[in-house]
>>> print(open('model-v2.txt').read())   # compact mmCIF, C-alpha atoms (C1' of nucleotides)
# COMPACT_ATOMS: atom_id res chain seq x y z
CA MET M 131 29.03 22.89 -0.96
CA GLY M 132 30.77 19.81 0.46
CA MET M 133 29.53 16.77 2.26
CA ASP M 134 29.94 15.77 5.88
CA GLY M 135 31.80 12.57 6.77
CA TRP M 136 30.31 9.10 6.52
CA ARG M 137 28.50 7.67 9.51
CA GLU M 138 27.10 4.20 9.98
CA ILE M 139 23.59 3.27 10.98
CA GLY M 140 23.99 0.26 13.20
CA LYS M 141 20.70 -1.50 13.01
CA HIS M 142 18.76 -1.86 9.79
CA SER M 143 17.32 -4.70 7.76
CA PHE M 144 17.95 -3.62 4.19
CA THR M 145 19.41 -5.93 1.61
CA PRO M 146 21.04 -4.45 -1.50
CA LEU M 147 17.90 -5.34 -3.44
CA SER M 148 15.37 -3.95 -0.97
CA LEU M 149 17.30 -0.69 -0.53
CA GLU M 150 17.57 -0.27 -4.28
CA GLU M 151 13.90 -1.00 -4.73
CA THR M 152 12.91 1.30 -1.87
CA LEU M 153 14.85 4.24 -3.32
CA LEU M 154 14.37 3.71 -7.05
CA GLY M 155 11.33 1.48 -7.33
CA GLY M 156 8.77 4.18 -8.04
CA GLN M 157 7.65 5.53 -4.66
CA SER M 158 10.25 8.30 -4.81
CA PHE M 159 11.82 10.19 -7.69
CA VAL M 160 14.62 12.02 -5.92
CA TRP M 161 17.24 9.25 -5.73
CA THR M 162 19.99 8.45 -8.19
CA LYS M 163 22.29 5.47 -8.22
CA LYS M 164 25.92 6.64 -7.96
CA GLY M 165 27.61 3.26 -7.95
CA SER M 166 26.87 -0.38 -7.29
CA HIS M 167 26.59 0.29 -3.56
CA GLN M 168 25.83 4.00 -3.42
CA TRP M 169 22.85 6.30 -3.92
CA ARG M 170 22.34 10.09 -3.75
CA GLY M 171 19.06 11.79 -2.99
CA VAL M 172 17.58 15.09 -1.92
CA ILE M 173 15.37 15.18 1.16
CA GLY M 174 13.91 18.63 1.68
CA ARG M 175 16.95 20.82 1.08
CA SER M 176 19.51 18.29 2.21
CA ILE M 177 21.50 16.16 -0.15
CA VAL M 178 21.99 12.71 1.32
CA ASP M 179 24.27 9.90 0.22
CA LEU M 180 23.64 6.31 1.23
CA SER M 181 26.03 3.41 0.98
CA LEU M 182 25.33 -0.24 1.61
CA ARG M 183 28.44 -2.40 1.57
CA ASN M 184 28.85 -5.83 3.15
CA GLY M 185 25.63 -5.29 5.04
CA ARG M 186 26.81 -2.00 6.53
CA LEU M 187 24.57 1.02 5.91
CA SER M 188 26.34 4.39 5.98
CA TRP M 189 25.24 7.90 5.16
CA ARG M 190 26.46 11.45 4.83
CA ALA M 191 24.70 14.76 4.17
CA SER M 192 25.48 18.13 2.66
CA LEU M 193 27.15 20.66 4.97
CA LEU M 194 25.02 23.48 3.57
CA HIS M 195 21.76 21.90 4.74
CA PRO M 196 22.62 19.28 7.37
CA PHE M 197 20.44 16.28 8.10
CA SER M 198 20.23 14.41 11.36
CA GLU M 199 20.44 10.69 11.92
CA GLY M 200 17.04 10.85 13.59
CA GLU M 201 15.51 12.42 10.51
CA LEU M 202 17.13 9.82 8.31
CA THR M 203 16.02 6.81 10.32
CA LYS M 204 12.52 8.22 10.31
CA TYR M 205 12.66 8.77 6.55
CA LEU M 206 13.91 5.22 6.03
CA TRP M 207 11.49 3.73 8.61
CA ILE M 208 14.33 2.19 10.56
CA ASP M 209 12.77 1.34 13.91
CA GLY M 210 10.83 -1.43 15.58
CA SER M 211 7.51 -0.33 14.14
CA TYR M 212 8.61 -1.66 10.76
CA ASP M 213 9.05 -5.21 12.04
CA ALA M 214 5.75 -4.92 13.89
CA ALA M 215 4.03 -3.91 10.64
CA ILE M 216 5.54 -6.88 8.81
CA GLU M 217 4.30 -9.19 11.56
CA GLU M 218 0.78 -7.82 11.25
CA MET M 219 0.50 -8.55 7.56
CA PRO M 220 -1.38 -11.71 6.52
CA TRP M 221 1.64 -13.56 5.10
CA ARG M 222 0.91 -16.62 7.22
CA SER M 223 -2.21 -17.32 5.20
CA ASP M 224 -1.11 -15.73 1.93
CA PRO M 225 1.64 -17.57 0.01
CA VAL M 226 1.90 -14.83 -2.63
CA LEU M 227 2.63 -12.19 -0.03
CA ARG M 228 4.93 -14.54 1.86
CA GLU M 229 7.05 -15.16 -1.22
CA SER M 230 7.14 -11.45 -1.94
CA LEU M 231 8.26 -10.60 1.59
CA ARG M 232 11.03 -13.14 1.26
CA ALA M 233 12.22 -11.80 -2.10
CA PHE M 234 12.27 -8.14 -1.04
CA SER M 235 13.09 -8.53 2.63
CA GLY M 236 13.62 -5.10 4.17
CA LEU M 237 11.60 -3.13 1.60
CA ARG M 238 10.17 0.05 3.14
CA ILE M 239 7.69 2.82 2.58
CA LEU M 240 9.64 6.08 2.79
CA GLY M 241 8.52 9.05 4.87
CA GLN M 242 8.69 11.73 2.22
CA PRO M 243 7.48 15.35 2.42
CA PHE M 244 3.79 15.51 1.60
CA ASP M 245 3.79 18.58 -0.65
CA GLU M 246 6.63 17.26 -2.78
CA THR M 247 5.17 13.77 -2.99
CA LEU M 248 1.89 15.18 -4.25
CA PHE M 249 3.80 17.14 -6.88
CA TYR M 250 5.73 14.16 -8.20
CA PHE M 251 2.68 11.94 -8.43
CA LEU M 252 0.80 14.66 -10.29
CA LEU M 253 3.45 14.19 -12.96
CA SER M 254 3.18 10.42 -12.91
CA SER M 255 0.16 9.92 -15.12
CA ALA M 256 1.10 7.78 -18.15
CA LYS M 257 4.81 8.33 -17.60
CA SER M 258 7.68 6.02 -16.77
CA ILE M 259 9.78 6.41 -13.63
CA SER M 260 12.70 7.99 -15.50
CA GLN M 261 10.42 10.50 -17.22
CA ILE M 262 8.74 11.50 -13.96
CA LYS M 263 12.16 11.89 -12.41
CA SER M 264 13.60 14.10 -15.15
CA CYS M 265 10.51 16.32 -15.32
CA GLY M 266 10.55 16.80 -11.55
CA GLU M 267 14.27 17.50 -11.54
CA ALA M 268 13.85 20.09 -14.28
CA VAL M 269 11.20 21.93 -12.28
CA ALA M 270 13.29 21.74 -9.10
CA LEU M 271 16.41 23.04 -10.85
CA ARG M 272 14.61 25.94 -12.45
CA TYR M 273 12.35 27.11 -9.62
CA GLY M 274 13.77 25.55 -6.47
CA GLU M 275 16.89 26.30 -4.48
CA LYS M 276 20.11 25.29 -6.20
CA LEU M 277 21.78 22.84 -3.87
CA GLY M 278 24.88 22.05 -5.88
CA PHE M 279 25.71 18.75 -7.60
CA GLY M 280 23.21 19.74 -10.28
CA ILE M 281 20.34 19.24 -7.85
CA GLY M 282 17.49 21.58 -6.96
CA SER M 283 15.01 21.38 -4.10
CA PHE M 284 11.25 21.12 -4.56
CA PRO M 285 10.19 24.77 -5.06
CA GLY M 286 7.05 24.48 -2.95
CA TRP M 287 3.48 25.15 -4.05
CA ASN M 288 3.76 28.85 -3.22
CA ARG M 289 6.54 29.29 -5.72
CA LEU M 290 4.88 27.07 -8.32
CA CYS M 291 1.81 29.27 -8.11
CA GLU M 292 3.81 32.04 -9.80
CA VAL M 293 4.81 29.80 -12.70
CA PRO M 294 2.61 30.00 -15.80
CA GLU M 295 1.31 26.72 -17.19
CA GLU M 296 3.06 27.43 -20.48
CA GLU M 297 6.47 27.44 -18.80
CA LEU M 298 5.71 24.07 -17.25
CA ARG M 299 4.73 22.74 -20.66
CA LYS M 300 8.12 23.82 -21.94
CA LEU M 301 9.62 21.56 -19.29
CA LYS M 302 7.82 18.64 -20.95
CA LEU M 303 5.07 18.17 -18.38
CA GLY M 304 2.51 17.91 -21.17
CA TYR M 305 -1.13 17.95 -20.09
CA ARG M 306 0.05 17.48 -16.50
CA ALA M 307 1.18 21.13 -16.52
CA LYS M 308 -2.46 22.11 -16.17
CA TYR M 309 -2.79 19.89 -13.11
CA VAL M 310 0.31 21.35 -11.45
CA ALA M 311 -0.82 24.90 -12.14
CA GLY M 312 -4.33 24.02 -11.01
CA VAL M 313 -3.20 22.50 -7.72
CA ALA M 314 -0.86 25.46 -7.06
CA ASP M 315 -3.76 27.80 -7.66
CA PHE M 316 -6.09 25.69 -5.52
CA LEU M 317 -3.64 25.72 -2.60
CA ALA M 318 -2.83 29.43 -2.92
CA SER M 319 -6.28 30.36 -1.63
CA ARG M 320 -6.24 27.75 1.13
CA SER M 321 -3.49 28.36 3.65
CA GLY M 322 -2.70 25.28 5.75
CA TRP M 323 -5.04 23.08 3.72
CA LEU M 324 -2.40 20.53 2.76
CA GLU M 325 -1.03 20.21 6.29
CA GLU M 326 -4.52 19.81 7.66
CA THR M 327 -5.29 17.17 5.04
CA ALA M 328 -2.25 15.16 6.03
CA SER M 329 -3.41 15.09 9.63
CA LEU M 330 -6.90 13.78 8.83
CA PRO M 331 -7.83 10.10 8.93
CA TYR M 332 -7.15 8.25 5.68
CA GLU M 333 -10.64 8.25 4.10
CA LYS M 334 -11.24 11.89 4.91
CA ALA M 335 -7.81 12.92 3.65
CA LYS M 336 -8.27 11.01 0.41
CA ALA M 337 -11.63 12.62 -0.31
CA ARG M 338 -10.12 16.04 0.25
CA LEU M 339 -7.13 15.42 -2.01
CA MET M 340 -9.47 14.32 -4.76
CA GLU M 341 -11.09 17.76 -4.73
CA MET M 342 -7.99 19.03 -6.48
CA PRO M 343 -7.57 19.07 -10.26
CA GLY M 344 -5.60 16.10 -11.58
CA VAL M 345 -5.90 14.12 -8.38
CA GLY M 346 -7.93 10.95 -8.71
CA GLN M 347 -8.01 7.83 -6.55
CA LYS M 348 -4.61 6.52 -7.55
CA ILE M 349 -2.62 9.71 -7.11
CA ALA M 350 -4.41 10.51 -3.85
CA ASP M 351 -3.46 7.10 -2.49
CA CYS M 352 0.15 7.50 -3.62
CA ALA M 353 0.49 10.91 -1.99
CA LEU M 354 -1.05 9.64 1.25
CA LEU M 355 0.97 6.43 1.40
CA PHE M 356 4.36 7.79 0.40
CA GLY M 357 4.02 11.34 1.72
CA ALA M 358 1.72 11.22 4.73
CA GLY M 359 2.34 7.86 6.35
CA LYS M 360 -1.17 6.58 5.66
CA LEU M 361 -0.10 2.95 5.54
CA GLU M 362 -3.59 1.65 4.84
CA ALA M 363 -3.67 3.45 1.48
CA PHE M 364 -3.49 0.97 -1.39
CA PRO M 365 -2.73 2.62 -4.76
CA ILE M 366 -3.82 0.47 -7.69
CA ASP M 367 -1.90 1.18 -10.86
CA THR M 368 -1.60 -1.07 -13.88
CA TRP M 369 0.99 -3.26 -12.15
CA MET M 370 -1.14 -3.76 -9.06
CA ASP M 371 -4.17 -4.32 -11.23
CA LYS M 372 -2.29 -7.14 -12.95
CA SER M 373 -1.06 -8.49 -9.62
CA LEU M 374 -4.56 -8.67 -8.13
CA GLU M 375 -5.90 -10.35 -11.24
CA ARG M 376 -3.08 -12.86 -11.74
CA ARG M 377 -2.05 -13.66 -8.19
CA TYR M 378 -5.35 -13.26 -6.38
CA GLY M 379 -7.76 -14.38 -9.10
CA LEU M 380 -9.66 -11.10 -9.35
CA GLU M 381 -10.17 -11.14 -13.12
CA GLY M 382 -13.40 -9.40 -13.99
CA TRP M 383 -13.58 -7.47 -10.73
CA SER M 384 -14.07 -3.71 -10.96
CA LEU M 385 -11.43 -1.35 -9.65
CA SER M 386 -13.46 -0.48 -6.58
CA GLN M 387 -14.06 -4.17 -5.85
CA LYS M 388 -10.34 -4.82 -6.11
CA LEU M 389 -9.63 -1.96 -3.74
CA THR M 390 -12.15 -3.24 -1.23
CA PHE M 391 -10.67 -6.73 -1.41
CA ALA M 392 -7.17 -5.38 -0.89
CA ARG M 393 -8.03 -3.22 2.08
CA VAL M 394 -9.93 -6.04 3.79
CA HIS M 395 -7.40 -8.75 2.98
CA PHE M 396 -4.17 -6.84 3.68
CA GLY M 397 -5.50 -4.76 6.57
CA LYS M 398 -3.95 -1.87 8.43
CA PHE M 399 -0.66 -2.01 6.51
CA ALA M 400 -2.15 -2.66 3.08
CA GLY M 401 0.11 -0.01 1.56
CA LEU M 402 3.22 -1.84 2.70
CA ALA M 403 1.87 -5.08 1.27
CA GLN M 404 1.16 -3.19 -1.93
CA GLN M 405 4.79 -2.13 -2.19
CA PHE M 406 6.01 -5.71 -1.87
CA LEU M 407 3.53 -6.97 -4.45
CA PHE M 408 4.27 -4.05 -6.75
CA SER M 409 8.00 -4.75 -6.69
CA SER M 410 7.40 -8.46 -7.16
CA GLU M 411 5.25 -7.85 -10.21
CA ARG M 412 7.48 -5.19 -11.70
CA ARG M 413 10.66 -7.18 -11.19
CA GLY M 414 8.96 -10.38 -12.23
CA ILE M 415 9.68 -12.74 -9.33
CA PHE M 416 6.57 -14.80 -10.05
CA ALA M 417 7.21 -15.08 -13.78
C1' DC F 88 4.79 4.65 -38.84
C1' DT F 89 1.71 3.09 -34.57
C1' DC F 90 1.30 1.98 -29.93
C1' DC F 91 1.51 2.61 -25.21
C1' DA F 92 3.51 3.82 -20.59
C1' DG F 93 2.65 3.33 -12.86
C1' DG F 94 -4.12 8.37 -14.93
C1' DA F 95 -7.71 11.99 -14.72
C1' DG F 96 -11.72 14.20 -16.54
C1' DA F 97 -15.57 14.65 -19.51
C1' DT F 98 -19.12 12.45 -21.75
C1' DA F 99 -22.32 8.79 -22.87
C1' DT F 100 -24.80 4.75 -21.57
C1' DA Y 175 -21.55 2.42 -11.91
C1' DT Y 176 -18.87 1.25 -16.20
C1' DA Y 177 -16.84 2.24 -20.93
C1' DT Y 178 -14.50 5.17 -24.23
C1' DC Y 179 -11.90 9.09 -25.75
C1' DT Y 180 -8.62 12.75 -25.15
C1' DC Y 181 -4.81 14.90 -23.21
C1' DC Y 182 1.49 15.56 -23.99
C1' DT Y 183 5.78 13.26 -24.57
C1' DG Y 184 9.34 9.87 -25.37
C1' DG Y 185 10.66 5.42 -26.34
C1' DA Y 186 9.80 0.63 -28.23
>>> encode(input="model-v2.txt", output="structure tokens")
Amino acid sequence: MGMDGWREIGKHSFTPLSLEETLLGGQSFVWTKKGSHQWRGVIGRSIVDLSLRNGRLSWRASLLHPFSEGELTKYLWIDGSYDAAIEEMPWRSDPVLRESLRAFSGLRILGQPFDETLFYFLLSSAKSISQIKSCGEAVALRYGEKLGFGIGSFPGWNRLCEVPEEELRKLKLGYRAKYVAGVADFLASRSGWLEETASLPYEKAKARLMEMPGVGQKIADCALLFGAGKLEAFPIDTWMDKSLERRYGLEGWSLSQKLTFARVHFGKFAGLAQQFLFSSERRGIFA
DNA sequence: CTCCAGGAGATAT
DNA sequence: ATATCTCCTGGA
């Protein structure tokens, strides 16, 4: 039930702000702040601690379910492809994006498990980050594997399929309980469907996800961006809607027009741009 | 008390 | 295609 020793990751480009925002800023709901420089999360069945002190990034994982440095650097997108993605974004001609990149330097899109990401974003409708987090944790603790430290793993859709909607409602999921039960049921009769979806090109994958109950454009884009590495996905929530209207002058544009603008303007890594703009809007750097 | 928060679905136009 | 209403819950 203990943790392995701390190890340092030599090369990274996180700042305290961008690491905090990456872990807690709304793309993931499995991280908790343990101290001013320390965070604890669950990745799959492994519990992982991260520490960022004086620019040094260190980590340790649970002994029960070990985690490798390779898995972690992949999860945190710590490799050259991140810098290449930043370079490809249109910040040279876009002062809003440029300012945002400066403010949240090092901000990443995490490489989270697809099935779990879909689950968490199914809960996200009209809920705040802390509510999504506590609902998800409650489900994980009750139906997932108990990992110690008061943490449970994502139970998986197979297990969730056995859980009646009423039980999920008792865990405060509200009307989202129907969506979770519906998706579990949908997947139960389609072995390998989710994995296959993740491997399809973005547009195709998005259309398939939207066949499921409770999955519209926004949640499909979130699941694909944060859980399947589809970096061109550009989820538009109320914050992004505001951002596009205020910072890019798109007042009066329809949602689909905004999405088209974003995908054309921000390009191949639109989802990464989205995360910078989202954080900027939410944390009010333009205010 | 009312209102709304990181939405989707059904219905009406 | 776009607009409005409802669906749960917790917090302002």
>>> interface_residues(input="model-v2.txt", of="chain M", to="chain Y", cutoff="10 Å", atoms="all atoms listed in the file", output="list in words")
Ala256, Lys257, Ser258, Gln261, Arg299, Lys302, Leu303, Gly304, Tyr305, Arg306, Ala307 and Ser384 of chain M
>>> interface_residues(input="model-v2.txt", of="chain F", to="chain M", cutoff="6 Å", atoms="all atoms listed in the file", output="VMD selection string")
chain F and resid 92 to 95
>>> atom_distance(input="model-v2.txt", atom1="atom CA of M:Ser410", atom2="atom CA of M:Ala233")
7.7 Å
>>> atom_distance(input="model-v2.txt", atom1="atom CA of M:Gln242", atom2="atom CA of M:Phe144")
18.0 Å
>>> atom_distance(input="model-v2.txt", atom1="atom CA of M:Ser283", atom2="atom CA of M:Gly174")
6.5 Å
>>> residues_around(input="model-v2.txt", residues="M:His142", least_positions_apart="4", cutoff="12 Å", atoms="all atoms listed in the file", output="PyMOL selection string")
chain M and resi 138+146+148-149+182+185-188+202-204+206-210+212-213+235-238
>>> axis_aligned_box(input="model-v2.txt", around="stretch 369-372 of chain M", padding_each_side="4 Å", output="JSON")
{"center_x": -1.6, "center_y": -5.2, "center_z": -11.0, "size_x": 13.2, "size_y": 11.9, "size_z": 11.9}
